[in-house]
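The file input_37.txt comes next; it holds compact mmCIF, C-alpha atoms.
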# COMPACT_ATOMS: atom_id res chain seq x y z
CA MET J 1 -11.38 11.63 -25.47
CA GLY J 2 -11.47 15.41 -26.03
CA SER J 3 -10.89 16.51 -22.42
CA GLU J 4 -8.44 13.64 -21.89
CA MET J 5 -6.40 14.86 -24.87
CA CYS J 6 -6.52 18.44 -23.62
CA ILE J 7 -5.16 17.43 -20.21
CA ARG J 8 -2.38 15.36 -21.79
CA ASP J 9 -1.49 18.26 -24.08
CA ARG J 10 -1.31 20.65 -21.13
CA LEU J 11 0.90 18.29 -19.19
CA GLY J 12 3.08 17.66 -22.24
CA VAL J 13 2.55 13.90 -22.14
CA LYS J 14 2.91 12.27 -25.53
CA ASP J 15 3.00 8.58 -24.58
CA ASP J 16 -0.46 6.95 -24.52
CA SER J 17 0.93 3.92 -22.70
CA LEU J 18 1.15 6.12 -19.59
CA LEU J 19 -2.62 6.57 -19.41
CA PRO J 20 -3.30 3.41 -17.34
CA PHE J 21 -0.79 4.62 -14.76
CA ALA J 22 -2.53 8.00 -14.60
CA ILE J 23 -5.85 6.24 -14.12
CA ASP J 24 -4.29 4.28 -11.25
CA MET J 25 -3.09 7.48 -9.58
CA GLY J 26 -6.62 8.87 -9.79
CA ILE J 27 -8.12 5.65 -8.43
CA GLY J 28 -5.73 5.66 -5.47
CA MET J 29 -6.61 9.26 -4.65
CA GLN J 30 -10.35 8.64 -5.03
CA LEU J 31 -10.26 5.55 -2.80
CA THR J 32 -8.48 7.60 -0.14
CA ASN J 33 -11.04 10.38 -0.53
CA ILE J 34 -13.89 7.87 -0.09
CA CYS J 35 -12.33 6.50 3.10
CA ARG J 36 -11.57 9.93 4.54
CA ASP J 37 -15.10 11.25 3.95
CA VAL J 38 -17.23 8.32 5.17
CA LEU J 39 -18.80 10.30 8.02
CA GLU J 40 -19.42 13.47 5.99
CA ASP J 41 -20.81 11.55 3.03
CA ALA J 42 -23.19 9.56 5.25
CA ALA J 43 -24.44 12.82 6.79
CA ARG J 44 -25.28 13.93 3.21
CA GLY J 45 -27.09 10.69 2.46
CA ARG J 46 -24.28 9.13 0.44
CA VAL J 47 -22.20 6.01 0.96
CA TYR J 48 -19.36 5.16 -1.40
CA LEU J 49 -17.86 2.21 0.47
CA PRO J 50 -18.66 -1.01 -1.41
CA ALA J 51 -21.94 -2.55 -0.19
CA ASP J 52 -20.67 -6.10 -0.59
CA ARG J 53 -17.62 -5.39 1.56
CA LEU J 54 -19.74 -3.64 4.20
CA GLU J 55 -22.15 -6.56 4.37
CA LYS J 56 -19.33 -9.10 4.51
CA ALA J 57 -17.80 -7.13 7.41
CA GLY J 58 -21.11 -6.98 9.29
CA THR J 59 -22.77 -3.66 8.51
CA SER J 60 -24.61 -1.98 5.64
CA HIS J 61 -25.12 1.23 3.73
CA GLN J 62 -28.39 1.77 5.58
CA GLU J 63 -26.82 1.37 9.02
CA LEU J 64 -24.18 3.89 8.02
CA LEU J 65 -26.83 6.31 6.76
CA ASP J 66 -28.82 5.82 9.98
CA GLY J 67 -25.72 6.64 12.03
CA LYS J 68 -25.64 3.17 13.60
CA PRO J 69 -22.94 1.24 11.75
CA ASN J 70 -20.76 -1.39 13.32
CA SER J 71 -17.58 0.68 13.69
CA THR J 72 -15.39 -2.43 13.72
CA ALA J 73 -16.86 -3.37 10.34
CA ILE J 74 -16.30 0.15 8.98
CA VAL J 75 -12.66 0.03 10.10
CA GLN J 76 -12.22 -3.35 8.40
CA VAL J 77 -13.62 -2.06 5.10
CA VAL J 78 -11.70 1.22 5.26
CA GLU J 79 -8.44 -0.60 5.96
CA ASP J 80 -9.12 -2.95 3.06
CA VAL J 81 -9.90 -0.10 0.66
CA LEU J 82 -6.88 1.94 1.77
CA ASN J 83 -4.61 -1.07 1.31
CA MET J 84 -6.06 -1.42 -2.19
CA ALA J 85 -5.31 2.27 -2.78
CA GLU J 86 -1.63 1.59 -2.04
CA SER J 87 -1.40 -0.73 -5.07
CA TYR J 88 -2.84 2.01 -7.27
CA TYR J 89 -0.46 4.64 -5.86
CA GLU J 90 2.53 2.39 -6.54
CA SER J 91 1.40 1.87 -10.12
CA GLY J 92 0.69 5.55 -10.59
CA LEU J 93 4.20 6.46 -9.48
CA ARG J 94 5.69 4.07 -12.03
CA GLY J 95 3.91 5.94 -14.81
CA LEU J 96 5.12 9.39 -13.80
CA CYS J 97 8.50 8.77 -15.40
CA GLY J 98 7.11 10.04 -18.71
CA VAL J 99 5.47 13.20 -17.39
CA PRO J 100 7.50 16.40 -17.86
CA TRP J 101 9.11 17.72 -14.69
CA LYS J 102 7.01 20.87 -14.30
CA ALA J 103 3.75 18.90 -14.25
CA ARG J 104 5.23 15.91 -12.45
CA THR J 105 6.13 17.79 -9.26
CA GLY J 106 2.57 18.97 -8.64
CA ILE J 107 1.15 15.53 -9.38
CA VAL J 108 3.62 13.85 -7.02
CA ALA J 109 2.85 16.41 -4.31
CA ALA J 110 -0.89 15.83 -4.61
CA MET J 111 -0.43 12.06 -4.59
CA LEU J 112 1.84 12.18 -1.53
CA MET J 113 -0.66 14.33 0.37
CA TYR J 114 -3.63 12.10 -0.45
CA ARG J 115 -1.60 9.00 0.32
CA GLU J 116 -0.61 10.53 3.66
CA ILE J 117 -4.27 11.04 4.54
CA GLY J 118 -4.87 7.31 4.08
CA ARG J 119 -1.75 6.33 5.96
CA LYS J 120 -2.60 8.69 8.82
CA LEU J 121 -6.13 7.29 8.96
CA LEU J 122 -4.64 3.79 9.23
CA ARG J 123 -2.14 4.88 11.91
CA ASN J 124 -5.02 6.37 13.91
CA GLY J 125 -6.98 3.11 13.94
CA GLY J 126 -8.69 3.35 10.57
CA ASN J 127 -12.00 4.66 11.88
CA PRO J 128 -13.34 7.52 9.75
CA LEU J 129 -16.31 7.79 12.13
CA ASP J 130 -13.98 9.46 14.64
CA GLY J 131 -13.84 12.54 12.40
CA ARG J 132 -12.12 13.69 9.26
CA THR J 133 -8.42 12.91 8.92
CA VAL J 134 -6.35 15.84 7.73
CA VAL J 135 -2.68 16.45 7.04
CA GLY J 136 -1.38 19.50 8.91
CA PRO J 137 0.55 22.35 7.31
CA VAL J 138 3.98 21.24 8.56
CA ARG J 139 3.49 17.72 7.20
CA LYS J 140 2.17 19.16 3.91
CA ALA J 141 5.31 21.31 3.61
CA TRP J 142 7.45 18.22 4.23
CA LEU J 143 5.54 16.27 1.57
CA LEU J 144 5.93 19.14 -0.90
CA CYS J 145 9.70 19.12 -0.28
CA LYS J 146 9.70 15.36 -0.77
CA ALA J 147 7.84 15.79 -4.09
CA ILE J 148 10.36 18.39 -5.26
CA VAL J 149 13.24 16.03 -4.45
CA LEU J 150 11.55 12.87 -5.78
CA SER J 151 10.18 14.30 -9.05
CA PRO J 152 13.48 14.74 -10.91
CA CYS J 153 14.43 11.15 -10.01
CA LEU J 154 11.34 9.52 -11.51
CA PRO J 155 12.51 9.55 -15.15
CA PHE J 156 15.43 7.35 -14.12
CA TRP J 157 13.15 4.63 -12.75
CA ARG J 158 13.01 1.66 -15.04
CA ARG J 159 9.70 1.76 -16.87
CA GLN J 160 7.62 -1.26 -15.98
CA GLN J 161 4.62 -2.72 -17.69
CA HIS J 162 1.24 -1.90 -16.27
CA VAL J 163 -0.20 -4.54 -13.93
CA ALA J 164 -3.31 -5.80 -15.73
CA ARG J 165 -5.17 -7.01 -12.62
CA LEU J 166 -5.49 -3.41 -11.40
CA HIS J 167 -7.83 -2.67 -14.29
CA ALA J 168 -9.83 -5.90 -14.32
CA PRO J 169 -12.89 -4.06 -12.91
CA LEU J 170 -12.49 -1.33 -15.54
CA ALA J 171 -12.87 -3.50 -18.64
CA GLY J 172 -14.25 -1.50 -21.53
CA ILE J 173 -13.35 1.95 -20.19
CA GLU J 174 -11.29 3.93 -22.66
CA GLY J 175 -7.65 4.20 -21.63
CA ALA J 176 -7.95 1.65 -18.85
CA ASN J 177 -6.34 -1.15 -20.80
CA PRO J 178 -3.06 -0.17 -22.43
CA PRO J 179 -2.52 -0.92 -26.12
CA HIS J 180 0.64 -2.95 -25.38
CA PRO J 181 1.05 -6.26 -23.53
CA VAL J 182 0.85 -5.97 -19.77
CA SER J 183 2.06 -8.12 -16.93
CA VAL J 184 -0.41 -10.28 -15.11
CA ASP J 185 1.12 -9.87 -11.64

Kindly present the structure from the file in structure tokens form.
Amino acid sequence: MGSEMCIRDRLGVKDDSLLPFAIDMGIGMQLTNICRDVLEDAARGRVYLPADRLEKAGTSHQELLDGKPNSTAIVQVVEDVLNMAESYYESGLRGLCGVPWKARTGIVAAMLMYREIGRKLLRNGGNPLDGRTVVGPVRKAWLLCKAIVLSPCLPFWRRQQHVARLHAPLAGIEGANPPHPVSVD
């Protein structure tokens, strides 16, 4: 809890009920990162896509490591994981209403850029084996402008309860389950 408290203090966040939303933002970004880096990670002997989803789709960690995965299966899993990331991004945005403006703008910018990587990957067919998906400098500048415009509006969003099902796999992790009642949708 020490480093968590330090980060919250630096950001000026006082409301502990916002922590699950921050976790969701991080999960969304990490899921996007996993999907973007499938090829690079496999070249380094690592696979972060879920084994059960790969097997259900018709490939495996080993096939990916051997450079012989079923690309249709990889696309299916990547699309599934990126669609899951969208739910986490939406939740994360709802929690930014309580983050002070100075910190909020940078967080929104980072989230928009990561989210754009996932969306671009999906627009391009969802196959990370075709090479790394990147957001170009013009699009990054646009997303930064969008973050600057969007950030001051977030405190006016109606605060919603955290969606409990997003943290079902995180049971027992500190901060993952808010101390107040949550919705079950």

For atom CA of Arg123 of chain J and atom CA of Phe21 of chain J, the interatomic separation in Å (one decimal): 26.7 Å

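These residues, each with an atom at most 7 Å from (-8.1, 13.7, 5.9) using all atoms listed in the file, are Arg36, Ile117, Arg132, Thr133, Val134 and Val135 of chain J.
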
Atomic distance atom CA of Glu116 of chain J - atom CA of Arg94 of chain J, expressed in Å with one decimal: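 Interatomic distance, atom CA of Glu116 of chain J to atom CA of Arg94 of chain J: 18.1 Å.
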
Point-to-point distance in Å for atom CA of Tyr88 of chain J and atom CA of Ile23 of chain J: 8.6 Å

Neighbour list for Ala57 of chain J as a PyMOL selection string, cut-off 10 Å, all atoms listed in the file, skip fewer than 6 positions in-chain: chain J and resi 51+70+72-77

Wanna dump the segment 55-139 of chain J-segment 165-176 of chain J contacts at 10 Å for me, each residue with its shortest atom pair and the distance in Å to one decimal, counting all atoms listed in the file, ordered by chain and number, as a Markdown table?
| residue | atom | partner | partner_atom | distance |
| --- | --- | --- | --- | --- |
| J:Met84 | CA | J:Leu166 | CA | 9.4 |
| J:Ser87 | CA | J:Leu166 | CA | 8.0 |
| J:Tyr88 | CA | J:Leu166 | CA | 7.3 |
| J:Ser91 | CA | J:Leu166 | CA | 8.8 |

Exercise: Glu40 of chain J partners within 9 Å, all atoms listed in the file, chain neighbours under 3 positions left out, as a VMD selection string: chain J and resid 36 to 37 43 to 46 129 131 to 132

Selection as a PyMOL selection string: residues within 12 Å of (2.4, 19.7, -7.2), counting only C-alpha atoms: chain J and resi 101-114+140-141+143-151

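Comparing J:Pro137, J:Pro128, J:Gly95, J:Ser60 by their smallest distance to Pro20 of chain J, the closest is J:Gly95 (using all atoms listed in the file).
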
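You can rank J:Leu65, J:Leu93, J:Leu154, J:Ala85 by their closest distance to Leu39 of chain J using only C-alpha atoms, and at the top of that list sits J:Leu65.
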
Long-range neighbours of Leu18 of chain J as JSON, numbers by chain, 9 Å cut-off, only C-alpha atoms, 6 positions minimum in chain: {"J": [95, 96, 97, 98, 99, 162, 178]}

8 Å contact set for Val38 of chain J, all atoms listed in the file, chain neighbours under 4 positions out, as a list of chain:residue names: J:Ile34, J:Ala42, J:Val47, J:Tyr48, J:Leu49, J:Pro128, J:Leu129
